[in-house]
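For reference, structure-v3.cif (mmCIF, C-alpha atoms, pLDDT in the B column; chains and numbers go by the auth columns):
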data_input
#
loop_
_atom_site.group_PDB
_atom_site.id
_atom_site.type_symbol
_atom_site.label_atom_id
_atom_site.label_comp_id
_atom_site.label_asym_id
_atom_site.label_seq_id
_atom_site.Cartn_x
_atom_site.Cartn_y
_atom_site.Cartn_z
_atom_site.B_iso_or_equiv
_atom_site.auth_seq_id
_atom_site.auth_asym_id
ATOM 1 C CA GLN A 1 0.000 0.000 0.000 86.00 1 Z
ATOM 2 C CA VAL A 2 1.166 3.503 -0.835 93.00 2 Z
ATOM 3 C CA GLN A 3 0.056 6.691 0.869 96.00 3 Z
ATOM 4 C CA VAL A 4 0.306 9.955 -1.015 97.00 4 Z
ATOM 5 C CA LEU A 5 0.104 13.375 0.576 97.00 5 Z
ATOM 6 C CA GLU A 6 0.079 16.703 -1.256 97.00 6 Z
ATOM 7 C CA SER A 7 0.774 20.152 0.115 96.00 7 Z
ATOM 8 C CA GLY A 8 1.355 23.675 -1.092 96.00 8 Z
ATOM 9 C CA GLY A 9 -1.936 24.764 -2.600 94.00 9 Z
ATOM 10 C CA GLY A 10 -3.465 28.138 -1.961 97.00 10 Z
ATOM 11 C CA LEU A 11 -4.669 31.402 -3.418 98.00 11 Z
ATOM 12 C CA VAL A 12 -2.469 33.328 -5.821 98.00 12 Z
ATOM 13 C CA GLN A 13 -2.983 36.192 -8.245 98.00 13 Z
ATOM 14 C CA ALA A 14 -2.763 35.677 -11.979 98.00 14 Z
ATOM 15 C CA GLY A 15 0.832 35.815 -13.119 97.00 15 Z
ATOM 16 C CA GLY A 16 2.087 34.530 -9.796 98.00 16 Z
ATOM 17 C CA SER A 17 3.805 31.304 -8.827 98.00 17 Z
ATOM 18 C CA LEU A 18 3.083 28.422 -6.538 98.00 18 Z
ATOM 19 C CA ASN A 19 4.959 25.277 -5.597 98.00 19 Z
ATOM 20 C CA LEU A 20 3.263 21.993 -4.791 98.00 20 Z
ATOM 21 C CA SER A 21 4.866 19.073 -3.006 98.00 21 Z
ATOM 22 C CA CYS A 22 3.851 15.454 -2.719 98.00 22 Z
ATOM 23 C CA VAL A 23 5.411 12.720 -0.637 97.00 23 Z
ATOM 24 C CA ALA A 24 4.755 9.009 -1.003 97.00 24 Z
ATOM 25 C CA SER A 25 5.128 6.614 1.891 95.00 25 Z
ATOM 26 C CA GLY A 26 4.341 2.993 2.638 93.00 26 Z
ATOM 27 C CA SER A 27 5.458 -0.348 1.361 88.00 27 Z
ATOM 28 C CA PHE A 28 7.144 -0.224 -2.031 88.00 28 Z
ATOM 29 C CA SER A 29 10.536 -0.910 -3.515 87.00 29 Z
ATOM 30 C CA SER A 30 10.504 1.899 -6.039 89.00 30 Z
ATOM 31 C CA LEU A 31 8.217 4.396 -7.717 92.00 31 Z
ATOM 32 C CA PRO A 32 8.776 4.317 -11.474 91.00 32 Z
ATOM 33 C CA PHE A 33 6.220 7.077 -12.007 95.00 33 Z
ATOM 34 C CA MET A 34 4.999 10.026 -10.011 97.00 34 Z
ATOM 35 C CA GLY A 35 2.922 12.828 -11.365 98.00 35 Z
ATOM 36 C CA TRP A 36 0.212 15.407 -11.086 98.00 36 Z
ATOM 37 C CA SER A 37 -3.301 15.733 -12.403 98.00 37 Z
ATOM 38 C CA ARG A 38 -5.787 18.532 -12.057 97.00 38 Z
ATOM 39 C CA GLN A 39 -9.540 18.703 -11.776 97.00 39 Z
ATOM 40 C CA ALA A 40 -11.019 22.065 -12.603 94.00 40 Z
ATOM 41 C CA PRO A 41 -14.515 22.926 -11.344 89.00 41 Z
ATOM 42 C CA GLY A 42 -17.067 21.016 -13.384 92.00 42 Z
ATOM 43 C CA ASP A 43 -14.433 19.190 -15.431 94.00 43 Z
ATOM 44 C CA LEU A 44 -12.895 15.743 -15.497 96.00 44 Z
ATOM 45 C CA ARG A 45 -9.476 15.120 -14.013 95.00 45 Z
ATOM 46 C CA GLU A 46 -6.715 15.783 -16.536 96.00 46 Z
ATOM 47 C CA VAL A 47 -3.019 15.060 -16.701 95.00 47 Z
ATOM 48 C CA VAL A 48 -0.670 17.902 -15.829 97.00 48 Z
ATOM 49 C CA ALA A 49 2.784 16.328 -15.740 98.00 49 Z
ATOM 50 C CA SER A 50 4.603 13.158 -14.817 97.00 50 Z
ATOM 51 C CA MET A 51 8.155 12.071 -14.238 97.00 51 Z
ATOM 52 C CA THR A 52 9.865 8.695 -14.208 95.00 52 Z
ATOM 53 C CA ASN A 53 12.502 7.687 -11.726 92.00 53 Z
ATOM 54 C CA GLY A 54 14.931 7.903 -14.645 93.00 54 Z
ATOM 55 C CA GLY A 55 14.218 11.598 -15.053 93.00 55 Z
ATOM 56 C CA SER A 56 12.007 11.525 -18.138 97.00 56 Z
ATOM 57 C CA THR A 57 9.185 14.044 -18.013 97.00 57 Z
ATOM 58 C CA HIS A 58 5.872 14.490 -19.755 97.00 58 Z
ATOM 59 C CA TYR A 59 3.718 17.605 -19.753 97.00 59 Z
ATOM 60 C CA ALA A 60 0.245 18.233 -21.046 96.00 60 Z
ATOM 61 C CA GLU A 61 0.322 20.910 -23.723 96.00 61 Z
ATOM 62 C CA ALA A 62 -1.530 23.491 -21.624 93.00 62 Z
ATOM 63 C CA PHE A 63 1.206 23.505 -19.006 95.00 63 Z
ATOM 64 C CA LYS A 64 4.383 23.291 -21.067 95.00 64 Z
ATOM 65 C CA GLY A 65 6.773 26.151 -20.456 95.00 65 Z
ATOM 66 C CA ARG A 66 4.973 27.300 -17.320 97.00 66 Z
ATOM 67 C CA PHE A 67 5.040 24.268 -15.037 98.00 67 Z
ATOM 68 C CA THR A 68 8.070 22.200 -14.060 98.00 68 Z
ATOM 69 C CA ILE A 69 7.964 18.805 -12.425 98.00 69 Z
ATOM 70 C CA SER A 70 10.865 17.500 -10.394 97.00 70 Z
ATOM 71 C CA ARG A 71 11.554 14.647 -8.009 96.00 71 Z
ATOM 72 C CA ASP A 72 13.688 13.906 -5.010 95.00 72 Z
ATOM 73 C CA MET A 73 14.143 10.156 -5.264 93.00 73 Z
ATOM 74 C CA ALA A 74 15.673 9.816 -1.827 93.00 74 Z
ATOM 75 C CA LYS A 75 12.619 11.449 -0.254 95.00 75 Z
ATOM 76 C CA ASN A 76 10.002 9.806 -2.520 95.00 76 Z
ATOM 77 C CA THR A 77 8.803 13.305 -3.250 97.00 77 Z
ATOM 78 C CA VAL A 78 7.586 14.987 -6.393 97.00 78 Z
ATOM 79 C CA TYR A 79 7.238 18.725 -6.862 98.00 79 Z
ATOM 80 C CA LEU A 80 5.274 20.891 -9.237 98.00 80 Z
ATOM 81 C CA HIS A 81 6.623 24.389 -9.767 98.00 81 Z
ATOM 82 C CA MET A 82 3.902 26.521 -11.313 98.00 82 Z
ATOM 83 C CA ASN A 83 4.739 29.863 -12.885 97.00 83 Z
ATOM 84 C CA SER A 84 2.741 32.450 -14.836 97.00 84 Z
ATOM 85 C CA LEU A 85 -0.451 31.117 -13.327 97.00 85 Z
ATOM 86 C CA LYS A 86 -3.741 31.832 -15.054 96.00 86 Z
ATOM 87 C CA PRO A 87 -7.282 31.787 -13.682 96.00 87 Z
ATOM 88 C CA GLU A 88 -7.934 28.689 -15.785 94.00 88 Z
ATOM 89 C CA ASP A 89 -5.257 26.852 -13.791 96.00 89 Z
ATOM 90 C CA THR A 90 -7.659 26.897 -10.849 96.00 90 Z
ATOM 91 C CA GLY A 91 -8.632 23.482 -9.561 97.00 91 Z
ATOM 92 C CA VAL A 92 -7.724 20.661 -7.242 98.00 92 Z
ATOM 93 C CA TYR A 93 -4.310 19.223 -7.975 98.00 93 Z
ATOM 94 C CA TYR A 94 -3.859 15.545 -7.285 98.00 94 Z
ATOM 95 C CA CYS A 95 -0.574 13.734 -6.959 98.00 95 Z
ATOM 96 C CA TYR A 96 -0.214 10.091 -7.865 97.00 96 Z
ATOM 97 C CA ALA A 97 2.418 7.451 -7.423 96.00 97 Z
ATOM 98 C CA ARG A 98 2.838 4.238 -9.370 94.00 98 Z
ATOM 99 C CA PRO A 99 4.955 1.656 -7.576 93.00 99 Z
ATOM 100 C CA LEU A 100 6.869 -1.111 -9.297 90.00 100 Z
ATOM 101 C CA SER A 101 4.361 -3.618 -7.934 89.00 101 Z
ATOM 102 C CA GLY A 102 1.595 -1.977 -9.926 88.00 102 Z
ATOM 103 C CA GLY A 103 -1.446 0.170 -9.365 91.00 103 Z
ATOM 104 C CA ARG A 104 -1.800 3.901 -9.030 94.00 104 Z
ATOM 105 C CA PHE A 105 -2.251 5.614 -5.700 96.00 105 Z
ATOM 106 C CA TRP A 106 -3.741 9.088 -5.397 97.00 106 Z
ATOM 107 C CA GLY A 107 -3.555 11.762 -2.774 97.00 107 Z
ATOM 108 C CA GLN A 108 -6.526 13.709 -1.453 97.00 108 Z
ATOM 109 C CA GLY A 109 -5.661 16.738 -3.545 97.00 109 Z
ATOM 110 C CA THR A 110 -4.629 20.289 -2.814 98.00 110 Z
ATOM 111 C CA ARG A 111 -6.663 23.243 -4.009 98.00 111 Z
ATOM 112 C CA VAL A 112 -5.157 25.979 -6.153 98.00 112 Z
ATOM 113 C CA THR A 113 -7.117 29.151 -6.810 98.00 113 Z
ATOM 114 C CA VAL A 114 -5.821 31.756 -9.240 97.00 114 Z
ATOM 115 C CA SER A 115 -7.578 35.096 -9.058 97.00 115 Z
ATOM 116 C CA SER A 116 -7.754 37.478 -11.999 93.00 116 Z
#

Is it possible to express this structure as structure tokens?
Amino acid sequence: QVQVLESGGGLVQAGGSLNLSCVASGSFSSLPFMGWSRQAPGDLREVVASMTNGGSTHYAEAFKGRFTISRDMAKNTVYLHMNSLKPEDTGVYYCYARPLSGGRFWGQGTRVTVSS
């Protein structure tokens, strides 16, 4: 079992920055994938970014150039650095972790609100 806990959400003005953190804990040997998804009000959850334990990254088109994902392997932590935030970036940001044993484990989410 893997527990995932996000932190760092909040209220920010458009054009500002915010950093999210997510730590995974529990019983696993490694986490090949960790990433972030977002659910905007009234919308389905969508991919934001992901990163392998080898350092490969993937970003959804809407976030390229503004968001940066990074990981601290030793701490089983993934970060999302969000710059040039827009009101449409508002939503609940969920972290997930995929252990080598399979499955995908989600956190409870952290809310980000970008005011215009």

Exactly which residues make up the result of the PyMOL selection byres ((chain Z and resi 46-61) around 8) on this file, given as a list in words?
->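 The output of the PyMOL selection byres ((chain Z and resi 46-61) around 8) on this file is Leu31, Pro32, Phe33, Met34, Gly35, Trp36, Ser37, Arg38, Gln39, Leu44, Arg45, Ala62, Phe63, Lys64, Ile69, Ser70, Arg71 and Met73 of chain Z.
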
Residues of the last selection are to be written out with C-alpha atoms, as a PDB file, keeping the file's coordinate frame.
ATOM      1  CA  LEU Z  31       8.217   4.396  -7.717  1.00 92.00           C
ATOM      2  CA  PRO Z  32       8.776   4.317 -11.474  1.00 91.00           C
ATOM      3  CA  PHE Z  33       6.220   7.077 -12.007  1.00 95.00           C
ATOM      4  CA  MET Z  34       4.999  10.026 -10.011  1.00 97.00           C
ATOM      5  CA  GLY Z  35       2.922  12.828 -11.365  1.00 98.00           C
ATOM      6  CA  TRP Z  36       0.212  15.407 -11.086  1.00 98.00           C
ATOM      7  CA  SER Z  37      -3.301  15.733 -12.403  1.00 98.00           C
ATOM      8  CA  ARG Z  38      -5.787  18.532 -12.057  1.00 97.00           C
ATOM      9  CA  GLN Z  39      -9.540  18.703 -11.776  1.00 97.00           C
ATOM     10  CA  LEU Z  44     -12.895  15.743 -15.497  1.00 96.00           C
ATOM     11  CA  ARG Z  45      -9.476  15.120 -14.013  1.00 95.00           C
ATOM     12  CA  ALA Z  62      -1.530  23.491 -21.624  1.00 93.00           C
ATOM     13  CA  PHE Z  63       1.206  23.505 -19.006  1.00 95.00           C
ATOM     14  CA  LYS Z  64       4.383  23.291 -21.067  1.00 95.00           C
ATOM     15  CA  ILE Z  69       7.964  18.805 -12.425  1.00 98.00           C
ATOM     16  CA  SER Z  70      10.865  17.500 -10.394  1.00 97.00           C
ATOM     17  CA  ARG Z  71      11.554  14.647  -8.009  1.00 96.00           C
ATOM     18  CA  MET Z  73      14.143  10.156  -5.264  1.00 93.00           C
TER      19      MET Z  73
END

Close residues, Thr113 of chain Z itself excluded, 10 Å, only C-alpha atoms, min 4 positions apart in chain, as a PyMOL selection string | chain Z and resi 9-14+40+85-92

Which distance in Å separates atom CA of Val2 of chain Z and atom CA of Leu100 of chain Z, to one decimal?
->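 Atom-to-atom, atom CA of Val2 of chain Z and atom CA of Leu100 of chain Z are spaced 11.2 Å apart.
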
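Minimum distance to Phe28 of chain Z across Z:Gln1, Z:Ser84, Z:Gly15, Z:Cys95 (counting all atoms listed in the file) occurs at Z:Gln1.
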
Which is closer to Val4 of chain Z than all the others in Z:Ser101, Z:Thr110, Z:Asn83, Z:Thr68, using all atoms listed in the file?
->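 Result for the nearest residue to Val4 of chain Z: Z:Thr110.
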
Could you work out how far atom CA of His81 of chain Z lies from atom CA of Arg104 of chain Z, giving the answer in Å with one decimal?
->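 One can read the atom CA of Arg104 of chain Z to atom CA of His81 of chain Z distance as 22.2 Å.
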
Work out how far apart atom CA of Leu20 of chain Z and atom CA of Asn76 of chain Z are and give it in Å to one decimal.
->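 Computing it gives 14.1 Å between the two atoms.
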
Have a look at Z:Gly102, Z:Arg66, Z:Met82, Z:Gly107 and name the one nearest to Ala24 of chain Z; count only C-alpha atoms.
->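 Once distances to Ala24 of chain Z are computed over only C-alpha atoms, the minimum belongs to Z:Gly107.
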
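Nearest to Glu6 of chain Z of all the residues Z:Asn19, Z:Ser115, Z:Ser30, Z:Gln108 is Z:Gln108, based on all atoms listed in the file.
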
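With distances restricted to all atoms listed in the file, Z:Val23 is the closest residue to Phe105 of chain Z from Z:Ala74, Z:Leu80, Z:Leu18, Z:Val23.
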
For Leu5 of chain Z, the closest of Z:Cys22, Z:Gly65, Z:Arg111, Z:Tyr79 counting only C-alpha atoms is Z:Cys22

Output segment 90-110 of chain Z as a tab-separated table (two decimals), keeping the file's coordinate frame, making sure N, CA, C and O atoms are there.
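Just written: rebuild_23.tsv:
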chain	number	residue	atom	x	y	z
Z	90	THR	N	-6.94	27.18	-12.10
Z	90	THR	CA	-7.66	26.90	-10.85
Z	90	THR	C	-8.20	25.47	-10.84
Z	90	THR	O	-8.70	24.98	-11.85
Z	91	GLY	N	-8.09	24.82	-9.70
Z	91	GLY	CA	-8.63	23.48	-9.56
Z	91	GLY	C	-8.00	22.77	-8.39
Z	91	GLY	O	-7.20	23.34	-7.63
Z	92	VAL	N	-8.34	21.52	-8.26
Z	92	VAL	CA	-7.72	20.66	-7.24
Z	92	VAL	C	-6.64	19.84	-7.93
Z	92	VAL	O	-6.90	19.17	-8.93
Z	93	TYR	N	-5.46	19.92	-7.41
Z	93	TYR	CA	-4.31	19.22	-7.98
Z	93	TYR	C	-4.06	17.95	-7.17
Z	93	TYR	O	-3.88	18.00	-5.95
Z	94	TYR	N	-4.04	16.85	-7.90
Z	94	TYR	CA	-3.86	15.54	-7.28
Z	94	TYR	C	-2.50	14.97	-7.68
Z	94	TYR	O	-2.12	15.01	-8.86
Z	95	CYS	N	-1.83	14.43	-6.72
Z	95	CYS	CA	-0.57	13.73	-6.96
Z	95	CYS	C	-0.86	12.24	-7.04
Z	95	CYS	O	-1.78	11.73	-6.38
Z	96	TYR	N	-0.09	11.54	-7.84
Z	96	TYR	CA	-0.21	10.09	-7.86
Z	96	TYR	C	1.17	9.46	-7.89
Z	96	TYR	O	2.15	10.06	-8.31
Z	97	ALA	N	1.19	8.23	-7.43
Z	97	ALA	CA	2.42	7.45	-7.42
Z	97	ALA	C	2.11	6.06	-7.95
Z	97	ALA	O	1.10	5.46	-7.58
Z	98	ARG	N	2.97	5.58	-8.81
Z	98	ARG	CA	2.84	4.24	-9.37
Z	98	ARG	C	4.04	3.41	-8.95
Z	98	ARG	O	5.14	3.61	-9.47
Z	99	PRO	N	3.84	2.48	-8.02
Z	99	PRO	CA	4.96	1.66	-7.58
Z	99	PRO	C	5.28	0.56	-8.58
Z	99	PRO	O	4.47	0.26	-9.47
Z	100	LEU	N	6.43	-0.04	-8.40
Z	100	LEU	CA	6.87	-1.11	-9.30
Z	100	LEU	C	5.91	-2.30	-9.24
Z	100	LEU	O	5.73	-3.00	-10.24
Z	101	SER	N	5.27	-2.48	-8.11
Z	101	SER	CA	4.36	-3.62	-7.93
Z	101	SER	C	3.03	-3.42	-8.65
Z	101	SER	O	2.24	-4.36	-8.76
Z	102	GLY	N	2.80	-2.22	-9.17
Z	102	GLY	CA	1.60	-1.98	-9.93
Z	102	GLY	C	0.59	-1.12	-9.20
Z	102	GLY	O	0.70	-0.89	-8.00
Z	103	GLY	N	-0.42	-0.68	-9.93
Z	103	GLY	CA	-1.45	0.17	-9.36
Z	103	GLY	C	-1.06	1.64	-9.42
Z	103	GLY	O	0.05	2.00	-9.78
Z	104	ARG	N	-2.02	2.46	-9.08
Z	104	ARG	CA	-1.80	3.90	-9.03
Z	104	ARG	C	-2.49	4.41	-7.77
Z	104	ARG	O	-3.67	4.17	-7.57
Z	105	PHE	N	-1.74	5.13	-6.99
Z	105	PHE	CA	-2.25	5.61	-5.70
Z	105	PHE	C	-2.32	7.13	-5.74
Z	105	PHE	O	-1.36	7.81	-6.14
Z	106	TRP	N	-3.48	7.65	-5.32
Z	106	TRP	CA	-3.74	9.09	-5.40
Z	106	TRP	C	-3.77	9.71	-4.01
Z	106	TRP	O	-4.16	9.08	-3.03
Z	107	GLY	N	-3.39	10.99	-3.98
Z	107	GLY	CA	-3.56	11.76	-2.77
Z	107	GLY	C	-4.95	12.35	-2.71
Z	107	GLY	O	-5.77	12.16	-3.61
Z	108	GLN	N	-5.22	13.10	-1.65
Z	108	GLN	CA	-6.53	13.71	-1.45
Z	108	GLN	C	-6.69	15.00	-2.25
Z	108	GLN	O	-7.81	15.49	-2.39
Z	109	GLY	N	-5.59	15.52	-2.74
Z	109	GLY	CA	-5.66	16.74	-3.54
Z	109	GLY	C	-5.37	17.98	-2.74
Z	109	GLY	O	-5.58	18.02	-1.51
Z	110	THR	N	-4.87	18.98	-3.43
Z	110	THR	CA	-4.63	20.29	-2.81
Z	110	THR	C	-5.21	21.35	-3.76
Z	110	THR	O	-5.01	21.29	-4.97
